[in-house]
$ cat final05.cif   # mmCIF, C-alpha atoms
data_query
loop_
_atom_site.label_atom_id
_atom_site.label_comp_id
_atom_site.auth_asym_id
_atom_site.auth_seq_id
_atom_site.Cartn_x
_atom_site.Cartn_y
_atom_site.Cartn_z
CA MET A 7 59.67 20.14 80.96
CA THR A 8 59.37 19.31 77.26
CA LEU A 9 57.54 21.87 75.20
CA PRO A 10 55.20 20.58 72.48
CA GLU A 11 56.39 20.97 68.91
CA PRO A 12 54.69 23.68 66.87
CA ALA A 13 51.87 22.40 64.70
CA ASP A 14 53.67 23.35 61.48
CA ALA A 15 56.79 21.43 62.56
CA VAL A 16 54.71 18.31 63.30
CA ALA A 17 52.96 18.61 59.95
CA ARG A 18 56.28 19.10 58.17
CA GLY A 19 57.73 16.03 59.86
CA SER A 20 54.69 13.97 58.92
CA TYR A 21 54.95 15.18 55.32
CA GLU A 22 58.64 14.28 55.12
CA ARG A 23 58.04 10.76 56.47
CA ALA A 24 55.19 10.19 54.00
CA ARG A 25 57.35 11.50 51.16
CA LEU A 26 60.19 9.16 52.17
CA ARG A 27 57.86 6.17 52.23
CA TRP A 28 56.60 6.98 48.75
CA GLU A 29 60.14 7.56 47.49
CA ILE A 30 61.36 4.23 48.88
CA GLY A 31 58.38 2.42 47.38
CA LEU A 32 58.92 3.97 43.95
CA VAL A 33 62.67 3.27 43.98
CA LEU A 34 62.08 -0.36 44.93
CA ALA A 35 59.34 -0.65 42.28
CA VAL A 36 61.78 0.21 39.48
CA THR A 37 64.97 -1.40 40.87
CA VAL A 38 65.71 -4.27 43.26
CA GLY A 39 62.17 -4.59 44.60
CA GLN A 40 60.81 -5.29 41.13
CA SER A 41 63.57 -7.82 40.47
CA ALA A 42 62.96 -9.49 43.83
CA LEU A 43 59.26 -9.93 43.07
CA TYR A 44 59.94 -11.49 39.66
CA SER A 45 62.62 -13.68 41.26
CA VAL A 46 60.24 -14.99 43.95
CA LEU A 47 57.59 -15.67 41.29
CA SER A 48 60.21 -17.57 39.30
CA LEU A 49 60.91 -19.74 42.36
CA VAL A 50 57.17 -20.34 42.89
CA ARG A 51 56.82 -21.46 39.26
CA ALA A 52 59.83 -23.75 39.66
CA LEU A 53 58.25 -25.36 42.73
CA LEU A 54 54.96 -25.91 40.88
CA ARG A 55 56.61 -27.77 38.01
CA PRO A 56 56.64 -31.57 38.13
CA THR A 57 60.43 -31.57 37.67
CA PRO A 58 62.31 -31.39 41.02
CA ILE A 59 63.90 -28.01 41.59
CA GLY A 60 67.36 -29.59 41.73
CA ASP A 61 66.90 -30.81 38.15
CA GLN A 62 65.95 -27.40 36.81
CA GLN A 63 68.30 -24.81 35.33
CA THR A 64 68.68 -21.06 35.17
CA GLN A 65 71.16 -19.01 33.18
CA LEU A 66 73.35 -16.12 34.27
CA ASN A 67 73.90 -13.33 31.74
CA PRO A 68 72.04 -15.04 28.87
CA SER A 69 72.61 -13.99 25.29
CA ARG A 70 70.23 -11.27 24.10
CA ASP A 71 70.38 -12.04 20.39
CA ALA A 72 71.76 -14.70 18.03
CA ALA A 73 73.65 -12.05 16.03
CA ALA A 74 76.88 -11.08 17.80
CA PHE A 75 76.62 -7.32 17.09
CA TRP A 76 73.09 -7.01 18.45
CA ASP A 77 73.85 -9.25 21.41
CA VAL A 78 76.75 -7.01 22.50
CA LEU A 79 74.73 -3.85 21.84
CA TYR A 80 71.74 -5.04 23.88
CA GLN A 81 73.96 -6.18 26.75
CA LEU A 82 75.80 -2.85 26.84
CA LEU A 83 72.50 -0.97 26.81
CA SER A 84 71.21 -3.18 29.63
CA VAL A 85 74.26 -2.32 31.74
CA PHE A 86 73.90 1.38 30.89
CA PHE A 87 70.24 1.60 31.93
CA ASP A 88 70.84 -0.38 35.13
CA LEU A 89 73.66 1.98 36.07
CA ALA A 90 71.37 4.91 35.24
CA LEU A 91 69.06 3.64 38.01
CA VAL A 92 72.04 3.59 40.38
CA ALA A 93 72.78 7.18 39.36
CA LEU A 94 69.14 8.10 40.03
CA VAL A 95 69.37 6.69 43.56
CA VAL A 96 72.58 8.65 44.20
CA PHE A 97 70.84 11.76 42.86
CA LEU A 98 68.00 11.26 45.35
CA LEU A 99 70.54 11.02 48.16
CA TRP A 100 72.18 14.28 47.10
CA GLU A 101 71.50 17.26 49.37
CA PRO A 102 72.65 20.89 49.29
CA GLY A 103 76.08 21.15 50.87
CA SER A 104 76.48 17.35 51.12
CA ASN A 105 78.20 15.07 48.62
CA ALA A 106 76.10 11.90 48.41
CA LEU A 107 78.96 9.76 47.08
CA ARG A 108 81.21 10.81 49.95
CA ARG A 109 78.43 10.36 52.50
CA ILE A 110 77.86 6.71 51.56
CA GLY A 111 81.56 6.11 50.96
CA LEU A 112 81.47 5.50 47.21
CA ASP A 113 84.72 7.28 46.37
CA PHE A 114 88.44 6.61 46.07
CA ARG A 115 89.68 8.39 49.21
CA SER A 116 90.63 5.10 50.90
CA PHE A 117 90.94 2.84 47.89
CA GLY A 118 93.87 0.82 49.26
CA ARG A 119 92.13 0.10 52.56
CA ASP A 120 88.82 -0.53 50.78
CA THR A 121 90.49 -3.05 48.46
CA GLY A 122 92.12 -4.88 51.36
CA ARG A 123 88.81 -5.11 53.19
CA ALA A 124 87.11 -6.22 49.98
CA LEU A 125 89.55 -9.09 49.48
CA LEU A 126 89.04 -10.30 53.05
CA ILE A 127 85.25 -10.10 53.01
CA GLY A 128 85.11 -11.46 49.45
CA ALA A 129 87.00 -14.57 50.53
CA ALA A 130 84.93 -14.87 53.72
CA ILE A 131 81.68 -14.78 51.72
CA GLY A 132 82.70 -16.29 48.38
CA ILE A 133 84.33 -19.52 49.57
CA PRO A 134 81.50 -20.57 51.93
CA GLY A 135 79.04 -19.44 49.25
CA LEU A 136 80.57 -21.85 46.75
CA ALA A 137 80.36 -24.63 49.34
CA LEU A 138 76.72 -23.72 50.05
CA TYR A 139 75.89 -23.86 46.34
CA ALA A 140 77.52 -27.30 46.06
CA ALA A 141 75.59 -28.47 49.15
CA GLY A 142 72.35 -27.09 47.73
CA ARG A 143 72.92 -28.91 44.47
CA ALA A 144 73.66 -32.14 46.34
CA LEU A 145 70.48 -31.73 48.43
CA GLY A 146 68.38 -30.82 45.38
CA ILE A 147 67.22 -27.42 46.73
CA THR A 148 69.26 -25.23 44.39
CA VAL A 149 68.69 -24.68 40.68
CA GLN A 150 71.59 -25.61 38.42
CA VAL A 151 73.15 -22.34 37.26
CA GLN A 152 74.41 -22.13 33.70
CA ALA A 153 77.11 -19.53 33.14
CA SER A 154 78.04 -18.07 29.78
CA PRO A 155 80.74 -20.11 27.97
CA LEU A 156 84.08 -18.30 28.06
CA ASP A 157 85.10 -19.22 24.51
CA ALA A 158 82.06 -17.69 22.79
CA ALA A 159 83.97 -14.59 21.58
CA TRP A 160 86.81 -12.28 22.62
CA TRP A 161 84.38 -9.82 24.20
CA THR A 162 82.69 -12.43 26.42
CA VAL A 163 84.97 -12.01 29.45
CA PRO A 164 84.96 -8.16 29.35
CA LEU A 165 81.16 -8.20 29.21
CA LEU A 166 81.02 -10.61 32.16
CA VAL A 167 83.33 -8.35 34.16
CA LEU A 168 81.11 -5.39 33.29
CA ALA A 169 78.04 -7.38 34.36
CA ALA A 170 79.75 -8.17 37.68
CA LEU A 171 80.50 -4.47 38.24
CA ARG A 172 76.87 -3.63 37.46
CA ALA A 173 75.68 -6.17 40.04
CA GLY A 174 78.07 -4.85 42.68
CA LEU A 175 77.03 -1.23 42.18
CA THR A 176 73.30 -1.94 41.83
CA GLU A 177 72.93 -4.13 44.89
CA GLU A 178 75.30 -2.41 47.30
CA VAL A 179 74.41 1.19 46.47
CA ILE A 180 70.67 0.49 46.70
CA PHE A 181 70.55 -2.13 49.48
CA LEU A 182 73.13 -0.37 51.65
CA GLY A 183 73.82 3.22 50.62
CA TYR A 184 70.24 4.18 49.80
CA LEU A 185 67.99 2.01 51.98
CA PHE A 186 70.13 2.36 55.10
CA ASP A 187 69.95 6.16 54.78
CA ARG A 188 66.23 6.31 54.10
CA LEU A 189 65.12 3.71 56.65
CA ARG A 190 67.19 5.35 59.39
CA ARG A 191 65.41 8.61 58.65
CA LEU A 192 62.12 6.79 59.18
CA GLY A 193 63.33 5.76 62.62
CA TRP A 194 64.15 2.10 61.94
CA GLY A 195 66.71 0.42 64.20
CA TRP A 196 70.01 -0.78 62.79
CA TRP A 197 69.34 -4.50 63.10
CA THR A 198 65.85 -4.11 61.69
CA ILE A 199 67.39 -2.44 58.64
CA ILE A 200 70.18 -5.03 58.30
CA LEU A 201 67.82 -8.00 58.53
CA SER A 202 65.16 -6.43 56.28
CA THR A 203 67.59 -5.54 53.50
CA ALA A 204 69.22 -8.98 53.82
CA ALA A 205 65.78 -10.58 53.36
CA LEU A 206 65.16 -8.41 50.30
CA ARG A 207 68.56 -9.44 48.94
CA ALA A 208 67.63 -13.10 49.48
CA GLY A 209 64.37 -12.58 47.57
CA TYR A 210 66.33 -10.86 44.79
CA HIS A 211 68.19 -14.17 44.23
CA ALA A 212 65.24 -16.52 44.83
CA TYR A 213 65.22 -17.65 41.18
CA GLN A 214 68.38 -19.66 41.94
CA GLY A 215 66.67 -21.71 44.66
CA PHE A 216 66.75 -21.96 48.43
CA GLY A 217 70.50 -22.42 48.72
CA ALA A 218 71.13 -19.09 47.01
CA MET A 219 68.51 -17.40 49.20
CA ILE A 220 70.22 -18.61 52.37
CA GLY A 221 73.65 -17.61 51.09
CA ASN A 222 72.54 -14.14 50.02
CA PHE A 223 70.69 -13.54 53.28
CA VAL A 224 73.89 -14.29 55.20
CA MET A 225 75.82 -12.08 52.77
CA GLY A 226 73.30 -9.29 53.34
CA VAL A 227 73.68 -9.52 57.13
CA VAL A 228 77.51 -9.50 56.92
CA PHE A 229 77.60 -6.68 54.36
CA GLY A 230 75.05 -4.67 56.32
CA TRP A 231 77.04 -5.02 59.54
CA CYS A 232 80.24 -4.02 57.74
CA TYR A 233 78.56 -0.98 56.19
CA LYS A 234 77.26 0.15 59.58
CA ARG A 235 80.73 -0.30 61.07
CA TRP A 236 82.80 1.21 58.25
CA GLY A 237 80.35 3.74 56.83
CA ARG A 238 81.68 3.01 53.35
CA VAL A 239 79.97 1.16 50.50
CA MET A 240 83.07 1.03 48.28
CA PRO A 241 84.74 -2.05 49.85
CA LEU A 242 81.43 -3.91 49.58
CA VAL A 243 80.99 -2.92 45.93
CA ILE A 244 84.53 -4.18 45.22
CA ALA A 245 83.94 -7.41 47.17
CA HIS A 246 80.63 -8.08 45.41
CA THR A 247 82.17 -7.38 42.02
CA LEU A 248 85.06 -9.76 42.70
CA ILE A 249 82.69 -12.49 43.94
CA ASP A 250 80.61 -12.17 40.77
CA ILE A 251 83.67 -12.13 38.50
CA VAL A 252 84.74 -15.41 40.07
CA ALA A 253 81.19 -16.75 39.66
CA PHE A 254 80.73 -15.59 36.06
CA VAL A 255 84.22 -16.42 34.80
CA GLY A 256 85.25 -19.19 37.18
CA TYR A 257 82.01 -21.17 37.12
CA PRO A 258 82.51 -22.67 33.62
CA LEU A 259 85.94 -23.83 34.81
CA ALA A 260 84.36 -25.42 37.90
CA VAL A 261 81.85 -27.24 35.68
CA ALA A 262 84.70 -28.66 33.62
CA LEU A 263 86.67 -29.74 36.71
CA TRP A 264 83.78 -31.02 38.87
CA PRO A 265 80.86 -31.83 36.57
CA GLY A 266 79.23 -34.02 39.21
CA LEU A 267 78.67 -31.04 41.54
CA PHE A 268 78.34 -28.10 39.17
CA GLY A 269 77.21 -29.66 35.91
CA PRO A 270 73.68 -30.51 34.80
CA SER A 271 71.85 -33.22 36.66
CA PRO A 272 71.89 -36.55 34.79
CA SER A 273 68.76 -37.37 32.85
CA PRO A 274 66.50 -39.99 34.52
#
$ encode --input "final05.cif" --output "structure tokens"
Amino acid sequence: MTLPEPADAVARGSYERARLRWEIGLVLAVTVGQSALYSVLSLVRALLRPTPIGDQQTQLNPSRDAAAFWDVLYQLLSVFFDLALVALVVFLLWEPGSNALRRIGLDFRSFGRDTGRALLIGAAIGIPGLALYAAGRALGITVQVQASPLDAAWWTVPLLVLAALRAGLTEEVIFLGYLFDRLRRLGWGWWTIILSTAALRAGYHAYQGFGAMIGNFVMGVVFGWCYKRWGRVMPLVIAHTLIDIVAFVGYPLAVALWPGLFGPSPSP
């Protein structure tokens, strides 16, 4: 025989679930959810333009100012404030007697194993992702991505590496470390969480076109499954950072080598 829960316990449980829903909504409103909404709107605007989406362009890590000093300063501040949001999410995960970083596996206890896993999953995601981008460009469903030129200044590559690290921490800590914890507490099933966060990740990259959405959805499913299996976000942060370093730094080289696939579409 199951005894009914005391009324105060039921009320407390209801309060905690409502608080979690509000917390998740507020976190998404100031982090990846906000970016996903703007990204989807960017895709909608691209589709409404008379120019085919395959002939349109978007820029990764654009310059913030024509003056070099202010450009670097603004980019560093942008990275700082984005990482402050990651720190806020980790702070929300912190509980008395429990280390939030250790709980989500964002530490250096297994750095060698994490790095090995990151290299494997980075290759498994990055190489097909490059092929998917090329296919999307050929089919005209993916926006042409313009990366920052590598010869702009000596600090260009370090800033791109820092931007890649920001992306890895922001997306994996929030999509995986935070949302998996909070949605499980609300009673969501594992595959519901994996597919939902993968869809949000796809929307986050919608500004790049449908090819990028498909690729990032698949990446979200694979990363989500790996996080559930390993219980560690660190190898996924490393893998994401490496993938973005290759994209940010290697893309200009790919444009030079294969301009037909990665370069701008020819003018009509």
$ residues_around --input "final05.cif" --residues "Gly128 (chain A)" --least-positions-apart "5" --cutoff "10 Å" --atoms "all atoms listed in the file" --output "list in words"
Gly122, Arg123, Ile133, Met225, Pro241, Leu242, Ile244, Ala245, His246, Thr247, Leu248, Ile249 and Asp250 of chain A
$ atom_distance --input "final05.cif" --atom1 "CA of Leu47 (chain A)" --atom2 "CA of Leu145 (chain A)"
21.8 Å
$ residues_around --input "final05.cif" --residues "Leu82 (chain A)" --least-positions-apart "3" --cutoff "12 Å" --atoms "all atoms listed in the file" --output "ChimeraX atom specification"
/A:67,69-70,75-79,85-89,161-162,164-169,172
$ resolve_selection --input "final05.cif" --expression "the PyMOL selection byres ((chain A and resi 63) around 8)" --output "JSON, numbers by chain"
{"A": [61, 62, 64, 65, 149, 150, 151, 152, 270]}
$ resolve_selection --input "final05.cif" --expression "the PyMOL selection byres ((chain A and resi 176) around 12)" --output "ChimeraX atom specification"
/A:34,36-39,41,85-96,169-175,177-184,207,210,239,242-244,246-247
$ write_last_selection --input "final05.cif" --atoms "C-alpha atoms" --output "tab-separated table (two decimals), in the coordinates of the input"
chain	number	residue	atom	x	y	z
A	34	LEU	CA	62.08	-0.36	44.93
A	36	VAL	CA	61.78	0.21	39.48
A	37	THR	CA	64.97	-1.40	40.87
A	38	VAL	CA	65.71	-4.27	43.26
A	39	GLY	CA	62.17	-4.59	44.60
A	41	SER	CA	63.57	-7.82	40.47
A	85	VAL	CA	74.26	-2.32	31.74
A	86	PHE	CA	73.90	1.38	30.89
A	87	PHE	CA	70.24	1.60	31.93
A	88	ASP	CA	70.84	-0.38	35.13
A	89	LEU	CA	73.66	1.98	36.07
A	90	ALA	CA	71.37	4.91	35.24
A	91	LEU	CA	69.06	3.64	38.01
A	92	VAL	CA	72.04	3.59	40.38
A	93	ALA	CA	72.78	7.18	39.36
A	94	LEU	CA	69.14	8.10	40.03
A	95	VAL	CA	69.37	6.69	43.56
A	96	VAL	CA	72.58	8.65	44.20
A	169	ALA	CA	78.04	-7.38	34.36
A	170	ALA	CA	79.75	-8.17	37.68
A	171	LEU	CA	80.50	-4.47	38.24
A	172	ARG	CA	76.87	-3.63	37.46
A	173	ALA	CA	75.68	-6.17	40.04
A	174	GLY	CA	78.07	-4.85	42.68
A	175	LEU	CA	77.03	-1.23	42.18
A	177	GLU	CA	72.93	-4.13	44.89
A	178	GLU	CA	75.30	-2.41	47.30
A	179	VAL	CA	74.41	1.19	46.47
A	180	ILE	CA	70.67	0.49	46.70
A	181	PHE	CA	70.55	-2.13	49.48
A	182	LEU	CA	73.13	-0.37	51.65
A	183	GLY	CA	73.82	3.22	50.62
A	184	TYR	CA	70.24	4.18	49.80
A	207	ARG	CA	68.56	-9.44	48.94
A	210	TYR	CA	66.33	-10.86	44.79
A	239	VAL	CA	79.97	1.16	50.50
A	242	LEU	CA	81.43	-3.91	49.58
A	243	VAL	CA	80.99	-2.92	45.93
A	244	ILE	CA	84.53	-4.18	45.22
A	246	HIS	CA	80.63	-8.08	45.41
A	247	THR	CA	82.17	-7.38	42.02
$ closest_residue --input "final05.cif" --among "A:Ile127, A:Leu26, A:Ala17, A:Ala140" --to "Gly193 (chain A)" --atoms "all atoms listed in the file"
A:Leu26
$ closest_residue --input "final05.cif" --among "A:Ile220, A:Ser202, A:Gly19, A:Gly256" --to "Leu189 (chain A)" --atoms "all atoms listed in the file"
A:Ser202
$ atom_distance --input "final05.cif" --atom1 "CA of Asp120 (chain A)" --atom2 "CA of Met240 (chain A)"
6.5 Å
$ atom_distance --input "final05.cif" --atom1 "CA of Thr121 (chain A)" --atom2 "CA of Asn222 (chain A)"
21.2 Å
$ closest_residue --input "final05.cif" --among "A:Asn105, A:Trp194, A:Leu54, A:Phe114" --to "Arg23 (chain A)" --atoms "all atoms listed in the file"
A:Trp194
$ resolve_selection --input "final05.cif" --expression "the PyMOL selection byres ((chain A and resi 196) around 12)" --output "JSON, numbers by chain"
{"A": [182, 185, 186, 187, 188, 189, 190, 191, 192, 193, 194, 195, 197, 198, 199, 200, 201, 202, 203, 227, 230, 231, 232, 233, 234, 235]}
$ closest_residue --input "final05.cif" --among "A:Gly209, A:Gly111, A:Gly103, A:Gly31" --to "Val50 (chain A)" --atoms "all atoms listed in the file"
A:Gly209
$ residues_near_point --input "final05.cif" --point "(63.3, -14.1, 39.9)" --cutoff "6 Å" --atoms "all atoms listed in the file" --output "list in words"
Tyr44, Ser45, Val46, Ser48, Ala212 and Tyr213 of chain A
$ residues_around --input "final05.cif" --residues "Gly60 (chain A)" --least-positions-apart "5" --cutoff "6 Å" --atoms "only C-alpha atoms" --output "PyMOL selection string"
chain A and resi 146-149
$ decode --input "final05.cif" --residues "region 126-242 of chain A" --atoms "C-alpha atoms" --output "mmCIF file, in the first residue's frame"
data_model
loop_
_atom_site.group_PDB
_atom_site.id
_atom_site.type_symbol
_atom_site.label_atom_id
_atom_site.label_comp_id
_atom_site.auth_asym_id
_atom_site.auth_seq_id
_atom_site.Cartn_x
_atom_site.Cartn_y
_atom_site.Cartn_z
ATOM 1 C CA LEU A 126 37.731 10.566 -32.134
ATOM 2 C CA ILE A 127 34.372 12.304 -31.893
ATOM 3 C CA GLY A 128 35.789 15.491 -33.430
ATOM 4 C CA ALA A 129 36.895 13.550 -36.505
ATOM 5 C CA ALA A 130 33.611 11.616 -36.615
ATOM 6 C CA ILE A 131 31.598 14.864 -36.589
ATOM 7 C CA GLY A 132 33.955 17.323 -38.285
ATOM 8 C CA ILE A 133 34.780 15.407 -41.470
ATOM 9 C CA PRO A 134 31.158 14.522 -42.366
ATOM 10 C CA GLY A 135 30.191 18.062 -41.345
ATOM 11 C CA LEU A 136 32.601 19.512 -43.893
ATOM 12 C CA ALA A 137 31.171 17.181 -46.540
ATOM 13 C CA LEU A 138 27.624 18.207 -45.551
ATOM 14 C CA TYR A 139 28.532 21.892 -45.871
ATOM 15 C CA ALA A 140 30.002 21.272 -49.335
ATOM 16 C CA ALA A 141 26.863 19.331 -50.325
ATOM 17 C CA GLY A 142 24.640 22.098 -48.987
ATOM 18 C CA ARG A 143 26.546 24.684 -50.975
ATOM 19 C CA ALA A 144 26.271 22.549 -54.112
ATOM 20 C CA LEU A 145 22.504 22.130 -53.568
ATOM 21 C CA GLY A 146 22.018 25.831 -52.787
ATOM 22 C CA ILE A 147 20.488 25.272 -49.315
ATOM 23 C CA THR A 148 23.428 26.548 -47.269
ATOM 24 C CA VAL A 149 24.591 30.135 -46.899
ATOM 25 C CA GLN A 150 28.166 30.822 -47.979
ATOM 26 C CA VAL A 151 30.181 31.293 -44.781
ATOM 27 C CA GLN A 152 32.912 33.917 -44.769
ATOM 28 C CA ALA A 153 35.653 33.312 -42.230
ATOM 29 C CA SER A 154 38.033 35.959 -40.959
ATOM 30 C CA PRO A 155 41.195 36.283 -43.111
ATOM 31 C CA LEU A 156 44.198 34.783 -41.341
ATOM 32 C CA ASP A 157 46.661 37.465 -42.446
ATOM 33 C CA ALA A 158 44.761 40.423 -40.978
ATOM 34 C CA ALA A 159 47.110 40.772 -37.959
ATOM 35 C CA TRP A 160 49.257 38.662 -35.630
ATOM 36 C CA TRP A 161 46.464 38.439 -33.069
ATOM 37 C CA THR A 162 43.874 37.112 -35.541
ATOM 38 C CA VAL A 163 44.572 33.400 -34.996
ATOM 39 C CA PRO A 164 44.739 33.647 -31.151
ATOM 40 C CA LEU A 165 41.396 35.475 -31.165
ATOM 41 C CA LEU A 166 39.882 32.804 -33.421
ATOM 42 C CA VAL A 167 41.128 30.071 -31.079
ATOM 43 C CA LEU A 168 39.629 31.963 -28.143
ATOM 44 C CA ALA A 169 36.338 32.296 -30.045
ATOM 45 C CA ALA A 170 36.362 28.534 -30.682
ATOM 46 C CA LEU A 171 36.897 27.855 -26.967
ATOM 47 C CA ARG A 172 34.025 30.208 -26.136
ATOM 48 C CA ALA A 173 31.730 28.331 -28.524
ATOM 49 C CA GLY A 174 32.730 24.960 -27.095
ATOM 50 C CA LEU A 175 32.139 26.019 -23.496
ATOM 51 C CA THR A 176 28.944 27.970 -24.185
ATOM 52 C CA GLU A 177 27.168 25.308 -26.208
ATOM 53 C CA GLU A 178 28.267 22.164 -24.399
ATOM 54 C CA VAL A 179 27.961 23.459 -20.830
ATOM 55 C CA ILE A 180 24.491 24.889 -21.480
ATOM 56 C CA PHE A 181 23.054 22.358 -23.951
ATOM 57 C CA LEU A 182 24.453 19.342 -22.115
ATOM 58 C CA GLY A 183 25.649 20.096 -18.593
ATOM 59 C CA TYR A 184 22.839 22.465 -17.632
ATOM 60 C CA LEU A 185 19.792 21.437 -19.668
ATOM 61 C CA PHE A 186 20.316 17.704 -19.181
ATOM 62 C CA ASP A 187 20.426 18.225 -15.399
ATOM 63 C CA ARG A 188 17.406 20.508 -15.244
ATOM 64 C CA LEU A 189 15.194 18.619 -17.701
ATOM 65 C CA ARG A 190 15.878 15.313 -15.946
ATOM 66 C CA ARG A 191 14.718 16.905 -12.703
ATOM 67 C CA LEU A 192 11.478 17.823 -14.459
ATOM 68 C CA GLY A 193 10.996 14.166 -15.329
ATOM 69 C CA TRP A 194 11.911 14.266 -19.026
ATOM 70 C CA GLY A 195 13.139 11.032 -20.622
ATOM 71 C CA TRP A 196 16.680 10.764 -21.925
ATOM 72 C CA TRP A 197 15.821 10.630 -25.611
ATOM 73 C CA THR A 198 13.336 13.470 -25.262
ATOM 74 C CA ILE A 199 16.138 15.579 -23.768
ATOM 75 C CA ILE A 200 18.697 14.521 -26.392
ATOM 76 C CA LEU A 201 16.387 15.256 -29.329
ATOM 77 C CA SER A 202 15.062 18.521 -27.842
ATOM 78 C CA THR A 203 18.509 19.954 -27.124
ATOM 79 C CA ALA A 204 19.708 18.800 -30.560
ATOM 80 C CA ALA A 205 16.786 20.681 -32.147
ATOM 81 C CA LEU A 206 17.669 23.785 -30.126
ATOM 82 C CA ARG A 207 21.287 23.433 -31.255
ATOM 83 C CA ALA A 208 20.091 23.221 -34.877
ATOM 84 C CA GLY A 209 18.049 26.406 -34.421
ATOM 85 C CA TYR A 210 21.098 28.081 -32.869
ATOM 86 C CA HIS A 211 22.907 27.617 -36.221
ATOM 87 C CA ALA A 212 19.922 28.305 -38.507
ATOM 88 C CA TYR A 213 21.493 31.529 -39.817
ATOM 89 C CA GLN A 214 23.910 29.351 -41.815
ATOM 90 C CA GLY A 215 21.108 27.606 -43.715
ATOM 91 C CA PHE A 216 19.486 24.193 -43.767
ATOM 92 C CA GLY A 217 22.694 22.235 -44.258
ATOM 93 C CA ALA A 218 24.129 23.616 -41.022
ATOM 94 C CA MET A 219 20.864 22.902 -39.199
ATOM 95 C CA ILE A 220 20.938 19.253 -40.256
ATOM 96 C CA GLY A 221 24.610 18.901 -39.360
ATOM 97 C CA ASN A 222 24.207 20.499 -35.942
ATOM 98 C CA PHE A 223 21.112 18.434 -35.156
ATOM 99 C CA VAL A 224 23.095 15.264 -35.838
ATOM 100 C CA MET A 225 25.976 16.658 -33.785
ATOM 101 C CA GLY A 226 23.561 17.386 -30.940
ATOM 102 C CA VAL A 227 22.208 13.822 -30.982
ATOM 103 C CA VAL A 228 25.722 12.303 -31.007
ATOM 104 C CA PHE A 229 27.043 14.661 -28.324
ATOM 105 C CA GLY A 230 23.942 14.130 -26.188
ATOM 106 C CA TRP A 231 24.278 10.353 -26.394
ATOM 107 C CA CYS A 232 27.975 10.571 -25.524
ATOM 108 C CA TYR A 233 27.268 12.828 -22.553
ATOM 109 C CA LYS A 234 24.626 10.426 -21.232
ATOM 110 C CA ARG A 235 27.051 7.522 -21.644
ATOM 111 C CA TRP A 236 30.209 9.180 -20.308
ATOM 112 C CA GLY A 237 28.734 11.644 -17.829
ATOM 113 C CA ARG A 238 31.451 14.133 -18.745
ATOM 114 C CA VAL A 239 31.136 17.361 -20.719
ATOM 115 C CA MET A 240 34.898 17.957 -20.993
ATOM 116 C CA PRO A 241 35.585 15.679 -24.008
ATOM 117 C CA LEU A 242 32.691 17.330 -25.842
#
